[in-house]
Amino acid sequence: METTGLLEVKAVGGRSTVARCFAKYPLKFLVPRKAACSKVDAVWIYAISYGGGIVSGDCIKCEINVADGCTAVFTTQASTKVYKSKRLECSVQVLEARIGRGSLLALVPHPVTCFSTARYCQTQLFNIDVDSNLLLVDWLTSGRRESGEKWDFDFYKSTNNVFLQDGQPLFLDSVFLTQVLLQQEGGKLGIAERMQDYQVIAMVVLIGPKLTDIQGQLQEEVKNYMSEYFRYPNRIGRSKNVPEKPPLVASCSSFGHKGVGMVVRIAALTTELVYEFLRLHLAGMEQLLAIPIQAALAGSNAADIIMDWQEGDQSNLGRHTSRSTSFPVLILTSILSKFYV
């Protein structure tokens with residue numbers, strides 16, 4: 001597949017810098033010069049597609065090389081829209097990343113949103129050293145719910161593989177969703193029926209020594225929140241504070257030698273719940289990425305968040321990121337260890 005995007009991040013004058021940047025249709029990169037605090041070494045890169053999404057038959061291949069000791073954040077300005085498929089064509093997106101010794105790559109895009117009949121295949125390959133660091137967020141929404149489209153795409157596949165320097169696999173993961181109906185007592189079940197009312201699935205991967213503290217804190221927080229739901233019910237029945245259907249479910253598990261990595265799997269009733277989950281539990285990334293993680297997930301409000309943060313106005317950060325919900329975000333109410341179909 002022909003390369004449509006190439007990024008090289010190197011240390012120039014002692015700071016992480018995009019030393020090489022190449023992109024052609026349908027891909028474009030934005031590299032803000034003043035996105036991050038000057039006291040922290042990190043470069044931010046925004047990926048943009050012409051037309052605001054991926055058209056049927058598009059093939060996008062992006063290569064990222066983060067040199068030793070550098071920090072790079074790769075994100076998007078909005079959700080990645082995958083438009084309707086024509087003539088059964090599949091839209092393909094490939095990302096290949098090389099992370100050097102002591103480096104950090106944070107891949108924190110907005111979710112993928114597949115339109116009705118869309119066919120999408122995504123592959124992301126990461127090659128790391130023993131002390132490299134990776135934050136990966138990969139998530140998918142059910143589609144354009146306001147238009148009545150809920151899990152109405154034809155095909156979705158996302159593969160994320162992480163390999164060590166010697167070629168040994170550290171983390172291999174694949175999500176495959178298709179409209180092939182499963183026969184079950186009472187009728188046939190498509191993706192929407194199997195997902196029930198859940199509208200978002202997400203995966204967060206944290207690898208490396210720089211993220212060890214965040215891994216431990218996140219695992220403990222998820223454990224505590226979900227234990228609230230699994231409290232033994234009293235004689236009267238379930239606690240009034242716990243809803244009948246868990247609005248957000250999550251599970252954590254470690255992998256690799258001595259638990260060098262951790263994967264978090266999430267399912268939620270709304271996209272807003274996953275946004276809030278990421279902002280809350282990845283808040284510790286601020287010291288490594290130079291600005292709050294919500295700047296990568298705020299879309300058009302990113303500039304305002306960065307300005308408030310740089311001016312030290314912490315009180316306004318919630319104004320840009322808060323979203324109304326009908327239940328407490330902090331109460332993770334169940335565990336769904338295998339919600340992928």
# chains A, B, ... in the order shown; residues from 1 in each chain; ligands from 1
call {"tool": "residues_around", "arguments": {"residues": "segment 47-52 of chain A", "least_positions_apart": "3", "cutoff": "7 Å", "atoms": "only C-alpha atoms", "output": "PyMOL selection string"}}
result
chain A and resi 26-30+75-76+81
call {"tool": "write_last_selection", "arguments": {"atoms": "N, CA, C and O atoms", "output": "CSV table (one decimal), in the first residue's frame"}}
result
chain,number,residue,atom,x,y,z
A,26,PRO,N,-6.0,11.5,0.8
A,26,PRO,CA,-6.9,12.3,1.5
A,26,PRO,C,-6.5,12.7,2.9
A,26,PRO,O,-7.4,13.0,3.8
A,27,LEU,N,-5.2,12.8,3.2
A,27,LEU,CA,-4.7,13.0,4.5
A,27,LEU,C,-4.0,14.3,4.6
A,27,LEU,O,-3.4,14.8,3.7
A,28,LYS,N,-4.1,15.0,5.8
A,28,LYS,CA,-3.4,16.2,6.1
A,28,LYS,C,-3.0,16.3,7.5
A,28,LYS,O,-3.8,15.8,8.4
A,29,PHE,N,-1.9,16.9,7.9
A,29,PHE,CA,-1.4,17.0,9.2
A,29,PHE,C,-1.4,18.5,9.6
A,29,PHE,O,-1.0,19.4,8.8
A,30,LEU,N,-1.7,18.8,10.9
A,30,LEU,CA,-1.6,20.1,11.5
A,30,LEU,C,-0.6,19.9,12.7
A,30,LEU,O,-0.9,19.1,13.5
A,75,THR,N,-3.4,12.9,17.4
A,75,THR,CA,-4.9,13.0,17.7
A,75,THR,C,-5.6,13.5,16.4
A,75,THR,O,-5.0,13.7,15.4
A,76,THR,N,-6.9,13.7,16.6
A,76,THR,CA,-7.8,14.2,15.5
A,76,THR,C,-8.6,15.3,16.0
A,76,THR,O,-8.7,15.5,17.2
A,81,LYS,N,-15.2,9.8,10.5
A,81,LYS,CA,-16.4,9.3,9.8
A,81,LYS,C,-16.1,8.4,8.7
A,81,LYS,O,-15.2,8.7,7.8
call {"tool": "closest_atom_pairs", "arguments": {"of": "segment 66-138 of chain A", "to": "segment 12-18 of chain A", "cutoff": "8 Å", "atoms": "only C-alpha atoms", "output": "JSON lines"}}
result
{"residue": "A:Cys70", "atom": "CA", "partner": "A:Ser16", "partner_atom": "CA", "distance": 5.2}
{"residue": "A:Thr71", "atom": "CA", "partner": "A:Ser16", "partner_atom": "CA", "distance": 6.2}
{"residue": "A:Ala72", "atom": "CA", "partner": "A:Ser16", "partner_atom": "CA", "distance": 7.5}
call {"tool": "write_last_selection", "arguments": {"atoms": "all heavy atoms", "output": "short mmCIF file (atom, residue, chain, number, x, y, z; two decimals), in the first residue's frame"}}
result
data_model
loop_
_atom_site.label_atom_id
_atom_site.label_comp_id
_atom_site.auth_asym_id
_atom_site.auth_seq_id
_atom_site.Cartn_x
_atom_site.Cartn_y
_atom_site.Cartn_z
N CYS A 70 11.97 11.26 22.80
CA CYS A 70 11.00 12.27 22.36
C CYS A 70 9.59 11.90 22.82
O CYS A 70 9.30 10.76 23.15
CB CYS A 70 11.03 12.41 20.84
SG CYS A 70 12.58 13.07 20.19
N THR A 71 8.71 12.90 22.79
CA THR A 71 7.31 12.71 23.15
C THR A 71 6.43 13.31 22.06
O THR A 71 6.62 14.46 21.66
CB THR A 71 6.96 13.39 24.49
OG1 THR A 71 7.75 12.79 25.53
CG2 THR A 71 5.48 13.23 24.81
N ALA A 72 5.47 12.51 21.58
CA ALA A 72 4.56 12.97 20.52
C ALA A 72 3.13 12.56 20.86
O ALA A 72 2.89 11.47 21.38
CB ALA A 72 4.97 12.38 19.18
#
call {"tool": "closest_residue", "arguments": {"among": "A:Arg119, A:Leu211, A:Val249, A:Thr80", "to": "Ser227 of chain A", "atoms": "only C-alpha atoms"}}
result
A:Val249
call {"tool": "residues_around", "arguments": {"residues": "Phe155 of chain A", "least_positions_apart": "2", "cutoff": "9 Å", "atoms": "only C-alpha atoms", "output": "PyMOL selection string"}}
result
chain A and resi 90+117-121+153+157+176-179
call {"tool": "atom_distance", "arguments": {"atom1": "atom CA of Glu2 of chain A", "atom2": "atom CA of Lys61 of chain A"}}
result
6.8 Å
call {"tool": "closest_residue", "arguments": {"among": "A:Val260, A:Val222, A:Val43, A:Leu140", "to": "Leu248 of chain A", "atoms": "only C-alpha atoms"}}
result
A:Val222
call {"tool": "residues_around", "arguments": {"residues": "Gln122 of chain A", "least_positions_apart": "5", "cutoff": "8 Å", "atoms": "only C-alpha atoms", "output": "PyMOL selection string"}}
result
chain A and resi 92-94+157-159
call {"tool": "closest_residue", "arguments": {"among": "A:Asp41, A:Glu89, A:Glu221, A:Asp154", "to": "Cys59 of chain A", "atoms": "only C-alpha atoms"}}
result
A:Glu89
call {"tool": "select_by_dssp", "arguments": {"residues": "segment 132-282 of chain A", "states": "alpha helix (DSSP H)", "output": "JSON, numbers by chain"}}
result
{"A": [191, 192, 193, 194, 195, 212, 213, 214, 215, 216, 217, 218, 219, 220, 221, 222, 223, 224, 225, 226, 227, 228, 229, 271, 272, 273, 274, 275, 276, 277, 278, 279, 280, 281]}
call {"tool": "write_last_selection", "arguments": {"atoms": "N, CA and C atoms", "output": "compact mmCIF listing (two decimals), in the first residue's frame"}}
result
# COMPACT_ATOMS: atom_id res chain seq x y z
N ILE A 191 -25.74 -7.00 14.80
CA ILE A 191 -24.85 -6.33 15.75
C ILE A 191 -25.66 -5.55 16.78
N ALA A 192 -26.69 -4.82 16.34
CA ALA A 192 -27.48 -3.99 17.24
C ALA A 192 -28.12 -4.83 18.34
N GLU A 193 -28.67 -5.98 17.99
CA GLU A 193 -29.32 -6.83 18.99
C GLU A 193 -28.30 -7.40 19.96
N ARG A 194 -27.14 -7.76 19.46
CA ARG A 194 -26.11 -8.34 20.33
C ARG A 194 -25.50 -7.28 21.25
N MET A 195 -25.45 -6.04 20.80
CA MET A 195 -24.93 -4.96 21.63
C MET A 195 -25.96 -4.45 22.63
N THR A 212 3.55 3.62 34.48
CA THR A 212 3.32 2.64 35.54
C THR A 212 2.39 3.17 36.63
N ASP A 213 2.63 4.39 37.08
CA ASP A 213 1.80 4.96 38.14
C ASP A 213 0.35 5.14 37.68
N ILE A 214 0.17 5.57 36.44
CA ILE A 214 -1.18 5.75 35.91
C ILE A 214 -1.89 4.41 35.79
N GLN A 215 -1.15 3.37 35.39
CA GLN A 215 -1.73 2.04 35.30
C GLN A 215 -2.26 1.58 36.66
N GLY A 216 -1.42 1.71 37.68
CA GLY A 216 -1.83 1.27 39.01
C GLY A 216 -3.02 2.04 39.54
N GLN A 217 -3.00 3.34 39.35
CA GLN A 217 -4.10 4.18 39.82
C GLN A 217 -5.40 3.86 39.08
N LEU A 218 -5.31 3.70 37.78
CA LEU A 218 -6.49 3.41 36.98
C LEU A 218 -7.10 2.06 37.35
N GLN A 219 -6.25 1.07 37.54
CA GLN A 219 -6.75 -0.25 37.90
C GLN A 219 -7.44 -0.24 39.26
N GLU A 220 -6.87 0.48 40.20
CA GLU A 220 -7.47 0.56 41.53
C GLU A 220 -8.79 1.31 41.49
N GLU A 221 -8.86 2.39 40.72
CA GLU A 221 -10.08 3.18 40.64
C GLU A 221 -11.22 2.39 40.00
N VAL A 222 -10.91 1.68 38.90
CA VAL A 222 -11.94 0.88 38.25
C VAL A 222 -12.42 -0.23 39.19
N LYS A 223 -11.50 -0.84 39.90
CA LYS A 223 -11.87 -1.88 40.85
C LYS A 223 -12.80 -1.35 41.93
N ASN A 224 -12.47 -0.20 42.49
CA ASN A 224 -13.29 0.39 43.54
C ASN A 224 -14.67 0.79 43.03
N TYR A 225 -14.71 1.41 41.84
CA TYR A 225 -15.99 1.86 41.31
C TYR A 225 -16.92 0.68 41.01
N MET A 226 -16.36 -0.38 40.46
CA MET A 226 -17.21 -1.51 40.10
C MET A 226 -17.60 -2.35 41.31
N SER A 227 -16.78 -2.32 42.34
CA SER A 227 -17.15 -3.05 43.56
C SER A 227 -18.39 -2.43 44.20
N GLU A 228 -18.64 -1.15 43.91
CA GLU A 228 -19.86 -0.50 44.40
C GLU A 228 -21.09 -1.17 43.82
N TYR A 229 -20.98 -1.57 42.58
CA TYR A 229 -22.13 -2.21 41.93
C TYR A 229 -22.32 -3.63 42.41
N THR A 271 -21.60 8.22 24.10
CA THR A 271 -20.23 8.65 23.82
C THR A 271 -19.70 9.56 24.91
N GLU A 272 -20.57 10.40 25.46
CA GLU A 272 -20.16 11.35 26.49
C GLU A 272 -19.57 10.64 27.70
N LEU A 273 -20.10 9.48 28.05
CA LEU A 273 -19.57 8.74 29.20
C LEU A 273 -18.13 8.31 28.98
N VAL A 274 -17.80 7.88 27.77
CA VAL A 274 -16.43 7.46 27.49
C VAL A 274 -15.50 8.67 27.48
N TYR A 275 -15.94 9.79 26.91
CA TYR A 275 -15.15 11.01 26.97
C TYR A 275 -14.80 11.35 28.42
N GLU A 276 -15.81 11.33 29.29
CA GLU A 276 -15.58 11.67 30.69
C GLU A 276 -14.67 10.67 31.38
N PHE A 277 -14.82 9.39 31.03
CA PHE A 277 -13.97 8.35 31.61
C PHE A 277 -12.51 8.61 31.25
N LEU A 278 -12.25 8.93 29.99
CA LEU A 278 -10.87 9.18 29.54
C LEU A 278 -10.30 10.43 30.20
N ARG A 279 -11.10 11.49 30.27
CA ARG A 279 -10.61 12.74 30.87
C ARG A 279 -10.30 12.55 32.34
N LEU A 280 -11.13 11.78 33.02
CA LEU A 280 -10.93 11.57 34.45
C LEU A 280 -9.73 10.69 34.73
N HIS A 281 -9.66 9.55 34.07
CA HIS A 281 -8.66 8.55 34.44
C HIS A 281 -7.33 8.72 33.73
call {"tool": "closest_residue", "arguments": {"among": "A:Asn127, A:Ser142, A:Ser174, A:Ser147", "to": "Val162 of chain A", "atoms": "only C-alpha atoms"}}
result
A:Asn127
call {"tool": "closest_residue", "arguments": {"among": "A:Gly53, A:Val200, A:Lys24, A:Leu297", "to": "Arg145 of chain A", "atoms": "only C-alpha atoms"}}
result
A:Val200
